[in-house]
$ cat model_11.json   # JSON, C-alpha atoms
[["chain", "number", "residue", "atom", "x", "y", "z"],
["A", 1, "MET", "CA", 35.94, 94.58, 7.01],
["A", 2, "THR", "CA", 39.70, 94.14, 7.39],
["A", 3, "ALA", "CA", 41.66, 97.34, 6.78],
["A", 4, "VAL", "CA", 43.08, 97.39, 3.27],
["A", 5, "ARG", "CA", 46.51, 98.85, 2.60],
["A", 6, "PRO", "CA", 47.48, 100.56, -0.67],
["A", 7, "VAL", "CA", 48.57, 98.38, -3.59],
["A", 8, "SER", "CA", 52.33, 97.89, -3.29],
["A", 9, "ARG", "CA", 55.01, 96.78, -5.73],
["A", 10, "TYR", "CA", 54.85, 93.36, -4.07],
["A", 11, "ASP", "CA", 51.11, 93.21, -4.76],
["A", 12, "ARG", "CA", 51.73, 94.12, -8.40],
["A", 13, "VAL", "CA", 54.34, 91.38, -8.76],
["A", 14, "ALA", "CA", 51.94, 88.93, -7.11],
["A", 15, "ALA", "CA", 49.16, 89.90, -9.54],
["A", 16, "ALA", "CA", 51.54, 89.41, -12.48],
["A", 17, "SER", "CA", 52.42, 85.95, -11.15],
["A", 18, "ALA", "CA", 48.74, 85.05, -10.88],
["A", 19, "ALA", "CA", 48.18, 86.20, -14.46],
["A", 20, "GLU", "CA", 51.01, 83.93, -15.59],
["A", 21, "VAL", "CA", 49.38, 80.95, -13.84],
["A", 22, "ILE", "CA", 46.07, 81.64, -15.59],
["A", 23, "GLY", "CA", 47.79, 82.17, -18.92],
["A", 24, "ARG", "CA", 49.39, 78.73, -18.69],
["A", 25, "TYR", "CA", 46.25, 76.86, -17.64],
["A", 26, "SER", "CA", 43.11, 78.56, -18.95],
["A", 27, "THR", "CA", 41.33, 78.12, -22.28],
["A", 28, "SER", "CA", 37.70, 79.24, -22.43],
["A", 29, "PHE", "CA", 38.13, 81.23, -19.22],
["A", 30, "GLY", "CA", 41.13, 83.02, -20.70],
["A", 31, "TRP", "CA", 39.11, 84.05, -23.74],
["A", 32, "ALA", "CA", 36.35, 85.58, -21.62],
["A", 33, "VAL", "CA", 38.46, 87.30, -18.97],
["A", 34, "ARG", "CA", 40.21, 89.41, -21.62],
["A", 35, "LEU", "CA", 36.91, 91.25, -22.10],
["A", 36, "LEU", "CA", 37.12, 92.69, -18.59],
["A", 37, "ALA", "CA", 38.62, 96.12, -18.03],
["A", 38, "GLU", "CA", 41.25, 96.76, -15.40],
["A", 39, "PRO", "CA", 41.39, 96.43, -12.46],
["A", 40, "THR", "CA", 38.64, 93.78, -12.63],
["A", 41, "ARG", "CA", 40.55, 91.66, -15.16],
["A", 42, "SER", "CA", 43.57, 91.33, -12.87],
["A", 43, "GLU", "CA", 41.35, 90.77, -9.84],
["A", 44, "ILE", "CA", 39.53, 87.83, -11.45],
["A", 45, "ARG", "CA", 42.84, 86.32, -12.59],
["A", 46, "SER", "CA", 44.16, 86.63, -9.05],
["A", 47, "LEU", "CA", 41.14, 84.81, -7.64],
["A", 48, "TYR", "CA", 41.29, 82.02, -10.21],
["A", 49, "ALA", "CA", 45.05, 81.49, -9.85],
["A", 50, "LEU", "CA", 44.57, 80.25, -6.28],
["A", 51, "VAL", "CA", 41.81, 77.93, -7.50],
["A", 52, "ARG", "CA", 44.17, 76.51, -10.14],
["A", 53, "VAL", "CA", 46.92, 75.87, -7.57],
["A", 54, "ALA", "CA", 44.49, 74.04, -5.28],
["A", 55, "ASP", "CA", 43.17, 72.04, -8.25],
["A", 56, "GLU", "CA", 46.70, 70.98, -9.13],
["A", 57, "ILE", "CA", 47.35, 69.75, -5.61],
["A", 58, "VAL", "CA", 44.41, 67.36, -5.76],
["A", 59, "ASP", "CA", 44.37, 66.47, -9.49],
["A", 60, "ASP", "CA", 48.02, 66.26, -10.57],
["A", 61, "PRO", "CA", 48.44, 62.61, -11.71],
["A", 62, "ASP", "CA", 52.05, 62.43, -10.44],
["A", 63, "PRO", "CA", 52.18, 59.15, -8.44],
["A", 64, "GLY", "CA", 54.91, 60.64, -6.27],
["A", 65, "LEU", "CA", 52.33, 62.91, -4.65],
["A", 66, "SER", "CA", 50.85, 60.71, -1.95],
["A", 67, "PRO", "CA", 47.36, 61.39, -0.56],
["A", 68, "GLN", "CA", 49.00, 62.39, 2.73],
["A", 69, "LEU", "CA", 51.27, 64.93, 1.03],
["A", 70, "ARG", "CA", 48.41, 66.33, -1.02],
["A", 71, "SER", "CA", 46.35, 66.73, 2.15],
["A", 72, "GLU", "CA", 49.19, 68.49, 3.94],
["A", 73, "LEU", "CA", 49.81, 70.84, 1.00],
["A", 74, "LEU", "CA", 46.12, 71.71, 0.84],
["A", 75, "GLU", "CA", 45.92, 72.38, 4.57],
["A", 76, "GLU", "CA", 48.98, 74.61, 4.37],
["A", 77, "LEU", "CA", 47.55, 76.51, 1.40],
["A", 78, "GLU", "CA", 44.27, 77.12, 3.21],
["A", 79, "ALA", "CA", 46.02, 78.25, 6.38],
["A", 80, "ASP", "CA", 48.29, 80.57, 4.42],
["A", 81, "THR", "CA", 45.30, 82.03, 2.54],
["A", 82, "LEU", "CA", 43.31, 82.72, 5.70],
["A", 83, "ARG", "CA", 46.38, 84.19, 7.41],
["A", 84, "ALA", "CA", 47.06, 86.47, 4.44],
["A", 85, "LEU", "CA", 43.40, 87.49, 4.41],
["A", 86, "GLN", "CA", 43.79, 88.66, 8.01],
["A", 87, "HIS", "CA", 47.28, 90.18, 7.87],
["A", 88, "GLY", "CA", 47.72, 91.14, 4.22],
["A", 89, "ARG", "CA", 50.94, 89.28, 3.51],
["A", 90, "SER", "CA", 52.08, 85.88, 2.24],
["A", 91, "ALA", "CA", 55.40, 84.61, 0.93],
["A", 92, "ASN", "CA", 53.41, 82.70, -1.73],
["A", 93, "LEU", "CA", 52.80, 85.11, -4.61],
["A", 94, "VAL", "CA", 49.57, 83.42, -5.73],
["A", 95, "VAL", "CA", 48.19, 83.58, -2.18],
["A", 96, "GLN", "CA", 49.30, 87.19, -1.92],
["A", 97, "ALA", "CA", 47.48, 88.09, -5.13],
["A", 98, "PHE", "CA", 44.30, 86.36, -3.96],
["A", 99, "ALA", "CA", 44.38, 87.90, -0.49],
["A", 100, "SER", "CA", 45.02, 91.39, -1.83],
["A", 101, "VAL", "CA", 41.87, 91.17, -3.97],
["A", 102, "ALA", "CA", 39.83, 89.45, -1.27],
["A", 103, "ARG", "CA", 40.64, 92.12, 1.31],
["A", 104, "ARG", "CA", 39.88, 94.91, -1.13],
["A", 105, "ARG", "CA", 36.59, 93.42, -2.36],
["A", 106, "GLY", "CA", 35.21, 91.93, 0.85],
["A", 107, "VAL", "CA", 35.67, 88.22, 0.07],
["A", 108, "GLY", "CA", 35.74, 86.54, 3.47],
["A", 109, "PRO", "CA", 36.40, 83.17, 5.11],
["A", 110, "GLU", "CA", 32.74, 82.20, 4.64],
["A", 111, "LEU", "CA", 33.54, 81.72, 0.92],
["A", 112, "ILE", "CA", 37.12, 80.53, 1.24],
["A", 113, "ARG", "CA", 36.57, 77.68, 3.73],
["A", 114, "PRO", "CA", 33.87, 75.90, 1.67],
["A", 115, "PHE", "CA", 36.18, 75.99, -1.34],
["A", 116, "PHE", "CA", 38.95, 74.20, 0.51],
["A", 117, "ALA", "CA", 36.44, 71.76, 2.00],
["A", 118, "SER", "CA", 35.47, 70.72, -1.53],
["A", 119, "MET", "CA", 39.11, 70.36, -2.52],
["A", 120, "ARG", "CA", 39.66, 68.08, 0.47],
["A", 121, "ALA", "CA", 36.65, 66.01, -0.56],
["A", 122, "ASP", "CA", 38.43, 65.18, -3.82],
["A", 123, "LEU", "CA", 41.21, 63.52, -1.85],
["A", 124, "GLY", "CA", 38.98, 60.88, -0.30],
["A", 125, "LEU", "CA", 35.39, 60.92, -1.56],
["A", 126, "ARG", "CA", 35.10, 58.80, -4.71],
["A", 127, "THR", "CA", 31.35, 58.75, -5.24],
["A", 128, "HIS", "CA", 28.66, 61.25, -4.23],
["A", 129, "ASP", "CA", 25.08, 61.19, -3.07],
["A", 130, "ASP", "CA", 22.79, 64.16, -3.71],
["A", 131, "GLU", "CA", 23.73, 65.94, -0.49],
["A", 132, "SER", "CA", 27.48, 65.54, -0.84],
["A", 133, "LEU", "CA", 27.34, 66.63, -4.49],
["A", 134, "ASP", "CA", 25.41, 69.78, -3.56],
["A", 135, "ASP", "CA", 28.03, 70.57, -0.91],
["A", 136, "TYR", "CA", 30.85, 69.86, -3.33],
["A", 137, "VAL", "CA", 29.44, 72.02, -6.13],
["A", 138, "TYR", "CA", 28.77, 74.86, -3.71],
["A", 139, "GLY", "CA", 32.35, 74.88, -2.45],
["A", 140, "SER", "CA", 34.12, 74.15, -5.72],
["A", 141, "ALA", "CA", 32.10, 76.39, -8.03],
["A", 142, "GLU", "CA", 29.28, 78.45, -6.54],
["A", 143, "VAL", "CA", 31.53, 80.30, -4.10],
["A", 144, "ILE", "CA", 33.84, 81.19, -7.00],
["A", 145, "GLY", "CA", 30.88, 82.82, -8.72],
["A", 146, "LEU", "CA", 30.18, 84.76, -5.54],
["A", 147, "MET", "CA", 33.81, 85.87, -5.24],
["A", 148, "CYS", "CA", 33.68, 87.15, -8.81],
["A", 149, "LEU", "CA", 30.42, 88.95, -8.08],
["A", 150, "HIS", "CA", 32.14, 90.87, -5.28],
["A", 151, "CYS", "CA", 34.68, 92.11, -7.83],
["A", 152, "PHE", "CA", 32.04, 93.00, -10.42],
["A", 153, "LEU", "CA", 29.80, 94.96, -8.05],
["A", 154, "GLY", "CA", 32.17, 96.51, -5.52],
["A", 155, "ALA", "CA", 30.36, 97.87, -2.49],
["A", 156, "ASP", "CA", 26.83, 97.53, -3.93],
["A", 157, "GLY", "CA", 25.51, 95.12, -1.32],
["A", 158, "GLY", "CA", 21.94, 95.29, -2.58],
["A", 159, "ALA", "CA", 22.91, 94.20, -6.08],
["A", 160, "TYR", "CA", 25.08, 91.44, -4.62],
["A", 161, "GLU", "CA", 22.17, 89.98, -2.68],
["A", 162, "ARG", "CA", 19.91, 90.20, -5.71],
["A", 163, "LEU", "CA", 22.35, 88.60, -8.16],
["A", 164, "ALA", "CA", 24.02, 86.05, -5.89],
["A", 165, "PRO", "CA", 21.60, 83.19, -6.76],
["A", 166, "GLY", "CA", 22.32, 83.67, -10.46],
["A", 167, "ALA", "CA", 26.07, 83.73, -9.84],
["A", 168, "GLN", "CA", 25.78, 80.47, -7.91],
["A", 169, "ARG", "CA", 23.73, 78.81, -10.64],
["A", 170, "LEU", "CA", 26.27, 79.87, -13.27],
["A", 171, "GLY", "CA", 29.13, 78.39, -11.25],
["A", 172, "ALA", "CA", 27.12, 75.19, -10.74],
["A", 173, "ALA", "CA", 26.41, 74.90, -14.48],
["A", 174, "PHE", "CA", 30.07, 75.37, -15.35],
["A", 175, "GLN", "CA", 31.10, 72.69, -12.87],
["A", 176, "LYS", "CA", 28.51, 70.15, -13.96],
["A", 177, "ILE", "CA", 29.39, 70.64, -17.64],
["A", 178, "ASN", "CA", 33.00, 69.94, -16.75],
["A", 179, "PHE", "CA", 31.93, 66.80, -14.88],
["A", 180, "LEU", "CA", 30.38, 65.57, -18.12],
["A", 181, "ARG", "CA", 33.32, 66.61, -20.28],
["A", 182, "ASP", "CA", 35.80, 64.96, -17.91],
["A", 183, "LEU", "CA", 33.79, 61.80, -17.34],
["A", 184, "ALA", "CA", 36.54, 59.55, -18.68],
["A", 185, "ASP", "CA", 39.50, 61.11, -16.89],
["A", 186, "ASP", "CA", 37.65, 61.55, -13.59],
["A", 187, "HIS", "CA", 36.65, 57.89, -13.57],
["A", 188, "ASP", "CA", 39.65, 56.23, -15.21],
["A", 189, "LEU", "CA", 42.55, 58.35, -13.93],
["A", 190, "LEU", "CA", 41.28, 59.86, -10.69],
["A", 191, "GLY", "CA", 38.78, 57.20, -9.58],
["A", 192, "ARG", "CA", 35.94, 59.70, -9.07],
["A", 193, "THR", "CA", 32.31, 59.70, -10.14],
["A", 194, "TYR", "CA", 30.51, 62.94, -9.30],
["A", 195, "PHE", "CA", 26.94, 62.37, -10.48],
["A", 196, "PRO", "CA", 25.06, 60.14, -7.99],
["A", 197, "GLY", "CA", 24.25, 56.69, -9.30],
["A", 198, "LEU", "CA", 26.00, 57.22, -12.62],
["A", 199, "ASP", "CA", 27.91, 54.21, -13.92],
["A", 200, "PRO", "CA", 30.26, 55.52, -16.64],
["A", 201, "GLU", "CA", 30.32, 52.07, -18.23],
["A", 202, "ALA", "CA", 26.54, 52.18, -18.67],
["A", 203, "PHE", "CA", 26.10, 55.88, -19.46],
["A", 204, "THR", "CA", 23.04, 56.35, -21.65],
["A", 205, "ASP", "CA", 21.68, 59.11, -23.86],
["A", 206, "SER", "CA", 18.65, 59.47, -21.61],
["A", 207, "ARG", "CA", 20.86, 60.05, -18.55],
["A", 208, "ARG", "CA", 22.92, 62.52, -20.59],
["A", 209, "ASP", "CA", 19.77, 64.48, -21.42],
["A", 210, "GLU", "CA", 18.58, 64.40, -17.81],
["A", 211, "LEU", "CA", 21.86, 65.90, -16.64],
["A", 212, "LEU", "CA", 21.89, 68.50, -19.41],
["A", 213, "ASP", "CA", 18.30, 69.52, -18.65],
["A", 214, "ASP", "CA", 19.45, 70.37, -15.12],
["A", 215, "ILE", "CA", 22.50, 72.24, -16.44],
["A", 216, "ASP", "CA", 20.43, 74.21, -18.96],
["A", 217, "ALA", "CA", 18.03, 75.23, -16.18],
["A", 218, "ASP", "CA", 21.01, 76.63, -14.26],
["A", 219, "LEU", "CA", 22.20, 78.49, -17.36],
["A", 220, "ALA", "CA", 18.75, 80.00, -17.89],
["A", 221, "VAL", "CA", 18.61, 81.40, -14.33],
["A", 222, "ALA", "CA", 22.17, 82.67, -14.68],
["A", 223, "ALA", "CA", 21.33, 84.49, -17.93],
["A", 224, "GLU", "CA", 18.72, 86.59, -16.11],
["A", 225, "ALA", "CA", 21.32, 87.69, -13.57],
["A", 226, "ILE", "CA", 23.99, 88.37, -16.20],
["A", 227, "ALA", "CA", 21.67, 90.88, -17.89],
["A", 228, "GLN", "CA", 21.78, 92.95, -14.68],
["A", 229, "LEU", "CA", 25.57, 93.12, -14.33],
["A", 230, "PRO", "CA", 27.53, 96.31, -15.10],
["A", 231, "PRO", "CA", 28.32, 96.54, -18.84],
["A", 232, "ASP", "CA", 32.01, 95.58, -18.62],
["A", 233, "SER", "CA", 31.51, 92.46, -16.53],
["A", 234, "ARG", "CA", 28.27, 91.66, -18.36],
["A", 235, "ARG", "CA", 30.13, 91.27, -21.66],
["A", 236, "ALA", "CA", 32.78, 88.98, -20.17],
["A", 237, "VAL", "CA", 30.37, 86.81, -18.19],
["A", 238, "SER", "CA", 28.01, 86.63, -21.16],
["A", 239, "ALA", "CA", 30.90, 85.33, -23.26],
["A", 240, "ALA", "CA", 31.71, 82.66, -20.67],
["A", 241, "HIS", "CA", 28.02, 81.75, -20.44],
["A", 242, "GLY", "CA", 27.85, 81.49, -24.23],
["A", 243, "LEU", "CA", 30.89, 79.21, -24.39],
["A", 244, "PHE", "CA", 29.45, 76.81, -21.84],
["A", 245, "ALA", "CA", 25.99, 76.93, -23.40],
["A", 246, "GLU", "CA", 27.66, 75.89, -26.65],
["A", 247, "LEU", "CA", 29.36, 73.03, -24.80],
["A", 248, "SER", "CA", 25.97, 71.97, -23.46],
["A", 249, "ARG", "CA", 24.53, 71.91, -26.99],
["A", 250, "ARG", "CA", 27.48, 69.92, -28.32],
["A", 251, "LEU", "CA", 27.26, 67.44, -25.46],
["A", 252, "ARG", "CA", 23.57, 66.93, -26.16],
["A", 253, "ARG", "CA", 24.37, 66.11, -29.80],
["A", 254, "THR", "CA", 27.13, 63.66, -28.80],
["A", 255, "PRO", "CA", 26.25, 60.01, -28.08],
["A", 256, "ALA", "CA", 26.73, 59.14, -24.42],
["A", 257, "ALA", "CA", 29.18, 56.40, -25.32],
["A", 258, "GLN", "CA", 31.39, 58.97, -27.06],
["A", 259, "ILE", "CA", 31.22, 61.38, -24.11],
["A", 260, "ARG", "CA", 32.52, 58.47, -22.04],
["A", 261, "ARG", "CA", 35.63, 58.32, -24.24],
["A", 262, "THR", "CA", 36.22, 61.85, -25.61],
["A", 263, "ARG", "CA", 36.43, 65.32, -24.09],
["A", 264, "ILE", "CA", 34.09, 67.59, -26.01],
["A", 265, "ARG", "CA", 35.50, 70.99, -26.99],
["A", 266, "VAL", "CA", 34.38, 74.18, -28.73],
["A", 267, "PRO", "CA", 36.57, 74.95, -31.78],
["A", 268, "ASP", "CA", 38.47, 78.24, -31.63],
["A", 269, "ALA", "CA", 36.57, 79.66, -34.62],
["A", 270, "ARG", "CA", 33.27, 79.04, -32.85],
["A", 271, "LYS", "CA", 34.63, 80.57, -29.64],
["A", 272, "ALA", "CA", 35.49, 83.72, -31.58],
["A", 273, "VAL", "CA", 31.93, 83.99, -32.91],
["A", 274, "ILE", "CA", 30.48, 83.61, -29.40],
["A", 275, "ILE", "CA", 32.78, 86.27, -27.99],
["A", 276, "LEU", "CA", 31.98, 88.69, -30.81],
["A", 277, "ARG", "CA", 28.27, 88.20, -30.10],
["A", 278, "ALA", "CA", 28.88, 88.95, -26.41],
["A", 279, "LEU", "CA", 30.73, 92.12, -27.35],
["A", 280, "GLY", "CA", 27.77, 93.17, -29.44],
["A", 281, "GLY", "CA", 25.29, 92.39, -26.70],
["A", 282, "ARG", "CA", 23.70, 89.50, -28.59],
["A", 283, "PRO", "CA", 22.71, 86.21, -26.89]]
$ encode --input "model_11.json" --output "structure tokens"
Amino acid sequence: MTAVRPVSRYDRVAAASAAEVIGRYSTSFGWAVRLLAEPTRSEIRSLYALVRVADEIVDDPDPGLSPQLRSELLEELEADTLRALQHGRSANLVVQAFASVARRRGVGPELIRPFFASMRADLGLRTHDDESLDDYVYGSAEVIGLMCLHCFLGADGGAYERLAPGAQRLGAAFQKINFLRDLADDHDLLGRTYFPGLDPEAFTDSRRDELLDDIDADLAVAAEAIAQLPPDSRRAVSAAHGLFAELSRRLRRTPAAQIRRTRIRVPDARKAVIILRALGGRP
């Protein structure tokens, strides 16, 4: 593992900058991450801040951002991240925050490169087959679950190997639920359709249920792994799992034609109930 230097004032400023990014962008994630104790809370925010920056590069609807510029920005961000992972320093505060956590927790290029590969896919790949979707979900979501698992478990390599499949399935479920929630914007604004063979104009209740059956299977496997996490991270991840399970239930009750037009949300009052249950250890 790369030698890790002590946390400096620069690292603390970088972590604060990452927290500001998450505070401006996150909703359900922000609710759950508050349940983590320090330093894990700041570490997870630092990981997710880089994800948010990369997402903005590829998803910002600003027509002034050409595909070529987006590609160049993404390549520069990846190069800067890998360089900071090796040397411990970046002039980009979000990259610095990410690299500081990655070096400390053993997050390596084998997880970072697939993430950026999936971000690049969004710049040119408009429809997916089964293989390309699996690759995309792995890089865009499953590796994030694995990065978080490194933070939750520290140096416990045995627990990491045991719980990694559940972390991947949880990331996959989160991503696929968001594909359903964002069906309209992905298709109409960004020109993307993630689920193979899905025509948003002919989206049916039966196809909705088929997709949600797959998502619920992921959530079930993830729940078994969550029960084995340390108590602090277990509460936070259980809250996030509960929020997305609630989204799955609400999507299943929503006609497919409405999902095509409207982004389904969990009301704040319901979010509060789910989080309180997670704090009390209830499913």
$ residues_around --input "model_11.json" --residues "Leu149 of chain A" --least-positions-apart "4" --cutoff "10 Å" --atoms "only C-alpha atoms" --output "list in words"
Ile44, Arg105, Val107, Val143, Ile144, Gly145, Leu153, Gly154, Ala159, Tyr160, Glu161, Leu163, Ala164, Gly166, Ala167, Gln168, Leu229 and Ser233 of chain A
$ write_last_selection --input "model_11.json" --atoms "C-alpha atoms" --output "PDB file, in the frame of the given file"
ATOM      1  CA  ILE A  44      39.530  87.830 -11.450  1.00  0.00           C
ATOM      2  CA  ARG A 105      36.590  93.420  -2.360  1.00  0.00           C
ATOM      3  CA  VAL A 107      35.670  88.220   0.070  1.00  0.00           C
ATOM      4  CA  VAL A 143      31.530  80.300  -4.100  1.00  0.00           C
ATOM      5  CA  ILE A 144      33.840  81.190  -7.000  1.00  0.00           C
ATOM      6  CA  GLY A 145      30.880  82.820  -8.720  1.00  0.00           C
ATOM      7  CA  LEU A 153      29.800  94.960  -8.050  1.00  0.00           C
ATOM      8  CA  GLY A 154      32.170  96.510  -5.520  1.00  0.00           C
ATOM      9  CA  ALA A 159      22.910  94.200  -6.080  1.00  0.00           C
ATOM     10  CA  TYR A 160      25.080  91.440  -4.620  1.00  0.00           C
ATOM     11  CA  GLU A 161      22.170  89.980  -2.680  1.00  0.00           C
ATOM     12  CA  LEU A 163      22.350  88.600  -8.160  1.00  0.00           C
ATOM     13  CA  ALA A 164      24.020  86.050  -5.890  1.00  0.00           C
ATOM     14  CA  GLY A 166      22.320  83.670 -10.460  1.00  0.00           C
ATOM     15  CA  ALA A 167      26.070  83.730  -9.840  1.00  0.00           C
ATOM     16  CA  GLN A 168      25.780  80.470  -7.910  1.00  0.00           C
ATOM     17  CA  LEU A 229      25.570  93.120 -14.330  1.00  0.00           C
ATOM     18  CA  SER A 233      31.510  92.460 -16.530  1.00  0.00           C
TER      19      SER A 233
END
$ closest_residue --input "model_11.json" --among "A:Pro39, A:Gly139, A:Gly106, A:Gly197" --to "Met119 of chain A" --atoms "all atoms listed in the file"
A:Gly139
$ atom_distance --input "model_11.json" --atom1 "atom CA of Val101 of chain A" --atom2 "atom CA of Glu43 of chain A"
5.9 Å
$ residues_around --input "model_11.json" --residues "Asp60 of chain A" --least-positions-apart "6" --cutoff "12 Å" --atoms "all atoms listed in the file" --output "JSON, numbers by chain"
{"A": [52, 53, 54, 66, 67, 70, 122, 123, 185, 186, 189, 190]}
$ atom_distance --input "model_11.json" --atom1 "atom CA of Gly108 of chain A" --atom2 "atom CA of Ala84 of chain A"
11.4 Å
$ residues_around --input "model_11.json" --residues "Ala173 of chain A" --least-positions-apart "4" --cutoff "12 Å" --atoms "all atoms listed in the file" --output "PyMOL selection string"
chain A and resi 137-138+140-142+145+166-169+177-180+211-223+240-245+247-248
$ closest_residue --input "model_11.json" --among "A:Asn92, A:Ser17, A:Thr81, A:Thr127" --to "Leu111 of chain A" --atoms "all atoms listed in the file"
A:Thr81
